[in-house]
There are 2 protein chains.
Amino acid sequence: MSKPLILVCNDDGIFSVGIRTLIEVMSELGEVVVVAPDSPQSGMGHAITIGNTLRLEASDLFPGIVAYECSGTPADCVKLAKHHVLKGRKPDLVVSGINHGSNSSISVLYSGTMSAAIEAALEGLPAIGFSLCDYNAHADFSHVKAFVKQIASEVLTNGIAKGITLNVNFPAVINAPLKGIKICRQAHARWEEKFDERFDPYGRRYFWMAGSFENKDAGEDTDEWALANGYVSVVPCSYDLTAHQLLGQLNRDWKFIHE
Amino acid sequence: MSKPLILVCNDDGIFSVGIRTLIEVMSELGEVVVVAPDSPQSGMGHAITIGNTLRLEASDLFPGIVAYECSGTPADCVKLAKHHVLKGRKPDLVVSGINHGSNSSISVLYSGTMSAAIEAALEGLPAIGFSLCDYNAHADFSHVKAFVKQIASEVLTNGIAKGITLNVNFPAVINAPLKGIKICRQAHARWEEKFDERFDPYGRRYFWMAGSFENKDAGEDTDEWALANGYVSVVPCSYDLTAHQLLGQLNRDWKFIHE
């Protein structure tokens with residue numbers, strides 16, 4: 001039996017500790033191919049490069065592993081992997097991360113890590129995004145490796161519903177083992193931005209975006225609850241944004257403007 | 001009764017014909033404030049600027065209308081509008097567009113236009129993204145004005161479910177009037193990319209991303225069907241990506257890795 005083919009991507013860039021950890025774990029499960037950004041792409045959401053050119057260069061960063069660095073976004077990496085690196089070979093699994101920082105709740109929308117995974121799901125591939133709730137570039141990933149391996153193995157063995165991407169988040173390391181895995185819904189939380197207004201040496205105004213995360217969703221079935229209580233959160237995500245529950249009502253209410 | 005406050009954004013930039021058309025129509029409905037990118041931001045998805053600074057400059061492009069151009073992404077524009085332009089005033093409606101090009105089906109994920117609208121919905125504001133299926137910078141928007149006004153009026157008068165963003169797409173102008181509005185689901189279609197491989201004057205390889213849209217979803221309840229048949233498509237979109245229908249099953253199937 002041949003080893004499964006696993007494509008690894010991320011948004012923090014090919015030089016990050018998180019992708020190195022993910023490659024290490026995935027190498028125990030199959031043949032790994034890496035296509036990752038050549039520079040940090042955090043907060044890029046599902047951006048793609050359509051008005052500019054893309055670079056793709058082989059990398060010898062991971063001995064024995066085929067790896068490429070790409071000048072584009074995480075979603076670009078998945079597209080270029082499909083067309084120019086894998087050349088028709090279909091991955092059995094696409095994993096993205098491990099992100100340095102949380103992608104729980106609505107951060108999934110801003111996340112390049114998750115967008116790479118969602119891009120793979122659009123192509124009909126089983127896909128998982130992994131994130132650690134620790135923004136430190138030298139974050140400790142040791143406590144998550146066993147879970148990453150278990151979740152990836154589960155998806156490799158039993159698959160996942162077509163078009164679904166798993167958004168997996170891990171609490172930062174603490175002095176206690178993680179309690180286990182919780183299947184969750186995305187919490188209805190939000191970012192409250194603060195803009196830091198400054199002036200450049202020429203007297204022109206500019207801003208830095210900053211902010212804090214606010215969770216007013218008290219549900220115990222959310223990813224935020226799971227993470228706050230020492231669990232790994234797993235949210236199955238769909239790329240179909242349609243609010244299906246509203247179609248009937250809108251069809252009735254909007255009759256008058258149908259003519 | 002005071003006029004409603006309407007925030008206008010887009011992704012093609014403040015100089016585009018599409019936003020000028022949208023401002024013209026919205027001015028008939030309320031007090032308009034514009035915050036739009038200072039350069040094209042197509043394909044930016046829900047990207048935000050977190051590793052770099054942001055500029056925001058007043059613009060006198062639209063006489064009698066408060067307008068700002070921003071160096072950031074469409075989502076940045078909405079955030080800066082809230083914090084530094086509106087200063088606590090809450091818009092009654094946020095509209096984005098009119099985009100030069102389709103944002104139907106899965107293009108909603110890549111769309112800066114729709115991400116600006118979704119960002120507003122995250123803030124609890126009624127929001128609509130408008131797009132025309134014509135990528136031409138000098139596209140003809142004359143046939144869509146009445147529909148834009150009608151849909152925006154409907155949302156101003158009767159509101160829309162909290163957190164929902166309307167993704168409105170219009171067929172390009174043809175020699176027949178549009179047939180009306182259809183409430184739709186997002187079609188399960190995809191982009192088939194082609195990468196055009198070239199070499200720069202130094203012999204280094206680069207790529208242009210290109211591609212074609214492929215719709216294999218035969219449903220007559222989709223946005224693609226509506227557009228192909230001369231209707232305006234309206235898809236209610238949710239920012240909750242959770243595949244709620246899978247939570248029960250995953251909870252049962254994944255029991256063994258809960259310990």
# chains A, B, ... in the order shown; residues from 1 in each chain; ligands from 1

$ interface_residues --of "chain B" --to "chain A" --cutoff "7 Å" --atoms "only C-alpha atoms" --output "ChimeraX atom specification"
/B:43-50,53-55,109-110,180-183,185-186,205-209,235-243,247,250-251,257-259

$ select_by_dssp --residues "segment 10-168 of chain A" --states "strand (DSSP E or B)" --output "NGL selection string"
:A and (31-37 or 54 or 56-59 or 66-70 or 93-100 or 127-132 or 164-168)

$ residues_around --residues "Lys90 of chain A" --least-positions-apart "4" --cutoff "9 Å" --atoms "only C-alpha atoms" --output "list in words"
Leu5, Lys82, Leu86 and Leu125 of chain A

$ write_last_selection --atoms "C-alpha atoms" --output "PDB file, in the first residue's frame"
ATOM      1  CA  LEU A   5       0.113  12.136  -0.145  1.00  0.00           C
ATOM      2  CA  LYS A  82      -2.205  21.712  -7.554  1.00  0.00           C
ATOM      3  CA  LEU A  86       1.689  18.010  -7.786  1.00  0.00           C
ATOM      4  CA  LEU A 125      -9.958  17.581  -1.037  1.00  0.00           C
TER       5      LEU A 125
END

$ atom_distance --atom1 "atom CA of Ala67 of chain B" --atom2 "atom CA of Lys87 of chain B"
14.1 Å

$ atom_distance --atom1 "atom CA of Gly159 of chain B" --atom2 "atom CA of Ile65 of chain B"
24.4 Å

$ atom_distance --atom1 "atom CA of Ile98 of chain B" --atom2 "atom CA of Val78 of chain A"
29.2 Å

$ residues_around --residues "Leu227 of chain A" --least-positions-apart "5" --cutoff "7 Å" --atoms "only C-alpha atoms" --output "ChimeraX atom specification"
/A:170-171,232-233

$ closest_residue --among "A:Ser104, A:Ser2, A:Asn136, A:Ser59" --to "Gly18 of chain A" --atoms "only C-alpha atoms"
A:Asn136

$ residues_around --residues "Ser142 of chain A" --least-positions-apart "3" --cutoff "12 Å" --atoms "only C-alpha atoms" --output "list in words"
Val17, Gly18, Arg20, Thr21, Leu22, Glu24, Val25, Ile98, Leu132, His138, Ala139, Lys145, Ala146, Phe147, Val148, Phe170, Pro171, Ala172, Val173, Ile174, Pro177 and Leu178 of chain A

$ closest_residue --among "B:Asn169, B:Asn99, B:Ser107, B:Thr157" --to "Ser212 of chain B" --atoms "only C-alpha atoms"
B:Ser107

$ closest_residue --among "B:Gly72, B:Val66, B:Cys9, B:Leu156" --to "Gly129 of chain B" --atoms "only C-alpha atoms"
B:Cys9

$ closest_residue --among "B:His143, B:Lys216, B:Lys162, B:His100" --to "Ser16 of chain B" --atoms "only C-alpha atoms"
B:His100
